[in-house]
Amino acid sequence: MSLAAKHVCFAYLANRPVLRDVTLTVNPGEVLYVLGRNGSGKTTLLSCLAGILQPVSGQVLLNDKDVRQYSPAERARLIGLMPQVHIPAFAYTVREMVLMGRTPHLGLLGTLSRNDYAIADEALESIGLSDLHDRPYTEISGGERQLVLIARGLAQKANILLMDEPSAHLDLSNQHRVLEIVDQLTHQGLSFVISSHAPNNALIYAHHVLLLSHGHVLAYGTPAETLTEERLSAAYGMRAEVIYGQSLDSPMPRAVLPRRPLTLSPESLNNPGSELNQIFEQSQHSPQLLLITGLTGAGKTSWCTRMAQVARSQGLRVKGVLSPSVFEGESKVAIDLLSLETDEKCRLAVQRNDRGAELATVLWQFDPAVMAWGNDILGNLRDSDLVILDELGPLEFLRGQGLVEGLKLIDEKRYRVACVVIRSSLLPDALERWPHAQVVNGYSRV
């Protein structure tokens, strides 16, 4: 039995789509993993595939027939949906919870048969929970509840099982026990669609992977095709590293790891063979983007200032803008904008006192003329070895205002090496936009 989505779009509210043009196919005996950040549309997609939600446009086809043309009872016999979280209203026993999976198969009188009990007991045994069958479901651990829901899905005997984060709350041993059972069931012709936050499980168990980002398909194919460092970095808004092993004369991905931010001292540019020196050497062949990040007050501007000084001492052409803070005592009262080419400086922002200011954040209101000056600097920037852009923030990423020429400069890769200051909260947005970037800790003490 096949399941397919054809150009599916869905929205809970008009003009706010959750899914955008999603297309996929699941054939008998296949496991499809759906990966993506929280809010990317994974659970909504499962509900559409199950026929619970109706797409705004596009179709979900079960054996080439629109899934909504099946009656609810027919759908339940063919497709099982295992939710991520389930809190029962009553203290059913574990066995009673699993027996609920047999509901689509009951006759007119709704009476459980000896065969139904046998199927439920077999499902419990396969998961390793037979000794808990009389325990109240509400009194077992979260991980054990997850296993019970999986047993209920198995007892349903559907041809296709949709599983919403089945390995959540499970320890490593139970995760792989469940996924091994899933793998064994595929050899019996069952199909699975699994939403997950575990790309490593997808590497091991998936036949295909659908990588979602803000409801649209970022990648769809085999694990090796989809789970690349650049695509994972874009999907999750973090730098990912894929570890490869050798298999039949070709490298195969074996593990996905988060890549910690680099710790680079600007002064290390003076040391041949240092990591920073290698980045500048690589820039002779391809543009190198460094995202300088950290919390407010970490010293990102100080890091960039030191970087500019060291680069100039080596005869490198440094251009761009800095935005040094202005203090009165220990209080930050304003922000300047400094041209690294001319050393000219203007007052960019002051503490916000005009609630009607158009060019403003929660704390600061910006001088439109100075912002235009900054855009003129960045828009006409040419012939540089190092570009420093301090900073791109909420105005640029969330509102399309501010130093928009800076966004354009980085998008078009008009640089050899670029150091762009990004606050920690916006790092996922930046990495989604520039997945090739490297993240650097911008602490001034480094």
# chains A, B, ... in the order shown; residues from 1 in each chain; ligands from 1
call {"tool": "select_by_dssp", "arguments": {"residues": "range 164-279 of chain A", "states": "alpha helix (DSSP H)", "output": "ChimeraX atom specification"}}
result
/A:172-186,199-205,223-226,229-236,275-279
call {"tool": "residues_around", "arguments": {"residues": "Ile204 in chain A", "least_positions_apart": "2", "cutoff": "10 Å", "atoms": "only C-alpha atoms", "output": "number ranges by chain"}}
result
A: 176, 179, 199-202, 206-207, 223, 253-255
call {"tool": "write_last_selection", "arguments": {"atoms": "N, CA and C atoms", "output": "JSON list (two decimals), in the first residue's frame"}}
result
[["chain", "number", "residue", "atom", "x", "y", "z"],
["A", 176, "HIS", "N", 16.58, 2.29, 20.24],
["A", 176, "HIS", "CA", 16.98, 1.38, 19.18],
["A", 176, "HIS", "C", 16.22, 0.06, 19.23],
["A", 179, "LEU", "N", 13.18, 1.06, 17.19],
["A", 179, "LEU", "CA", 13.49, 1.26, 15.77],
["A", 179, "LEU", "C", 13.91, -0.04, 15.09],
["A", 199, "PRO", "N", 18.58, 13.08, 13.62],
["A", 199, "PRO", "CA", 19.13, 12.74, 12.31],
["A", 199, "PRO", "C", 20.01, 11.51, 12.33],
["A", 200, "ASN", "N", 20.62, 11.21, 13.47],
["A", 200, "ASN", "CA", 21.45, 10.00, 13.54],
["A", 200, "ASN", "C", 20.60, 8.75, 13.39],
["A", 201, "ASN", "N", 19.39, 8.74, 13.94],
["A", 201, "ASN", "CA", 18.48, 7.61, 13.74],
["A", 201, "ASN", "C", 18.07, 7.50, 12.28],
["A", 202, "ALA", "N", 17.87, 8.66, 11.63],
["A", 202, "ALA", "CA", 17.52, 8.64, 10.21],
["A", 202, "ALA", "C", 18.64, 8.05, 9.37],
["A", 206, "ALA", "N", 16.41, 5.09, 8.09],
["A", 206, "ALA", "CA", 15.53, 5.63, 7.04],
["A", 206, "ALA", "C", 15.92, 5.13, 5.65],
["A", 207, "HIS", "N", 14.89, 4.90, 4.83],
["A", 207, "HIS", "CA", 15.13, 4.69, 3.41],
["A", 207, "HIS", "C", 15.19, 6.05, 2.70],
["A", 223, "PRO", "N", 19.18, 9.24, 2.84],
["A", 223, "PRO", "CA", 19.91, 9.92, 3.91],
["A", 223, "PRO", "C", 21.22, 10.54, 3.45],
["A", 253, "PRO", "N", 27.69, 8.70, 5.15],
["A", 253, "PRO", "CA", 27.52, 9.41, 6.43],
["A", 253, "PRO", "C", 27.19, 8.44, 7.55],
["A", 254, "ARG", "N", 27.87, 8.59, 8.68],
["A", 254, "ARG", "CA", 27.68, 7.68, 9.81],
["A", 254, "ARG", "C", 27.13, 8.38, 11.05],
["A", 255, "ALA", "N", 27.39, 9.66, 11.19],
["A", 255, "ALA", "CA", 26.92, 10.37, 12.39],
["A", 255, "ALA", "C", 26.83, 11.86, 12.12]]
call {"tool": "residues_around", "arguments": {"residues": "Val326 in chain A", "least_positions_apart": "2", "cutoff": "12 Å", "atoms": "only C-alpha atoms", "output": "ChimeraX atom specification"}}
result
/A:323-324,328-337,345-351
call {"tool": "write_last_selection", "arguments": {"atoms": "C-alpha atoms", "output": "PDB file, in the first residue's frame"}}
result
ATOM      1  CA  SER A 323      29.169  50.045  15.685  1.00  0.00           C
ATOM      2  CA  PRO A 324      30.972  50.883  18.955  1.00  0.00           C
ATOM      3  CA  GLU A 328      28.274  57.396  30.315  1.00  0.00           C
ATOM      4  CA  GLY A 329      29.833  55.853  33.355  1.00  0.00           C
ATOM      5  CA  GLU A 330      28.818  52.198  33.157  1.00  0.00           C
ATOM      6  CA  SER A 331      25.606  52.884  31.233  1.00  0.00           C
ATOM      7  CA  LYS A 332      25.360  52.396  27.478  1.00  0.00           C
ATOM      8  CA  VAL A 333      23.634  55.490  26.145  1.00  0.00           C
ATOM      9  CA  ALA A 334      24.237  55.452  22.380  1.00  0.00           C
ATOM     10  CA  ILE A 335      25.703  53.598  19.403  1.00  0.00           C
ATOM     11  CA  ASP A 336      28.062  55.098  16.822  1.00  0.00           C
ATOM     12  CA  LEU A 337      28.747  53.993  13.251  1.00  0.00           C
ATOM     13  CA  LYS A 345      32.215  58.315  12.801  1.00  0.00           C
ATOM     14  CA  CYS A 346      28.576  59.385  13.271  1.00  0.00           C
ATOM     15  CA  ARG A 347      25.959  58.843  15.981  1.00  0.00           C
ATOM     16  CA  LEU A 348      23.798  55.983  14.721  1.00  0.00           C
ATOM     17  CA  ALA A 349      21.376  55.403  17.607  1.00  0.00           C
ATOM     18  CA  VAL A 350      20.266  56.777  20.945  1.00  0.00           C
ATOM     19  CA  GLN A 351      18.117  55.313  23.665  1.00  0.00           C
TER      20      GLN A 351
END
call {"tool": "select_by_dssp", "arguments": {"residues": "range 118-165 of chain A", "states": "strand (DSSP E or B)", "output": "PyMOL selection string"}}
result
chain A and resi 136+160-164
call {"tool": "write_last_selection", "arguments": {"atoms": "N, CA and C atoms", "output": "mmCIF file, in the first residue's frame"}}
result
data_model
loop_
_atom_site.group_PDB
_atom_site.id
_atom_site.type_symbol
_atom_site.label_atom_id
_atom_site.label_comp_id
_atom_site.auth_asym_id
_atom_site.auth_seq_id
_atom_site.Cartn_x
_atom_site.Cartn_y
_atom_site.Cartn_z
ATOM 1 N N PRO A 136 -1.597 0.734 35.853
ATOM 2 C CA PRO A 136 -2.272 1.914 35.288
ATOM 3 C C PRO A 136 -1.320 2.703 34.392
ATOM 4 N N ILE A 160 0.220 1.298 7.216
ATOM 5 C CA ILE A 160 1.128 2.445 7.312
ATOM 6 C C ILE A 160 0.989 3.038 8.706
ATOM 7 N N LEU A 161 2.113 3.244 9.370
ATOM 8 C CA LEU A 161 2.093 3.808 10.711
ATOM 9 C C LEU A 161 2.845 5.139 10.700
ATOM 10 N N LEU A 162 2.134 6.197 11.120
ATOM 11 C CA LEU A 162 2.711 7.535 11.223
ATOM 12 C C LEU A 162 3.091 7.761 12.678
ATOM 13 N N MET A 163 4.358 8.018 12.933
ATOM 14 C CA MET A 163 4.872 8.085 14.304
ATOM 15 C C MET A 163 5.471 9.465 14.554
ATOM 16 N N ASP A 164 4.900 10.178 15.502
ATOM 17 C CA ASP A 164 5.356 11.531 15.829
ATOM 18 C C ASP A 164 6.367 11.458 16.966
#
call {"tool": "atom_distance", "arguments": {"atom1": "CA of Leu338 in chain A", "atom2": "CA of Gly374 in chain A"}}
result
8.6 Å
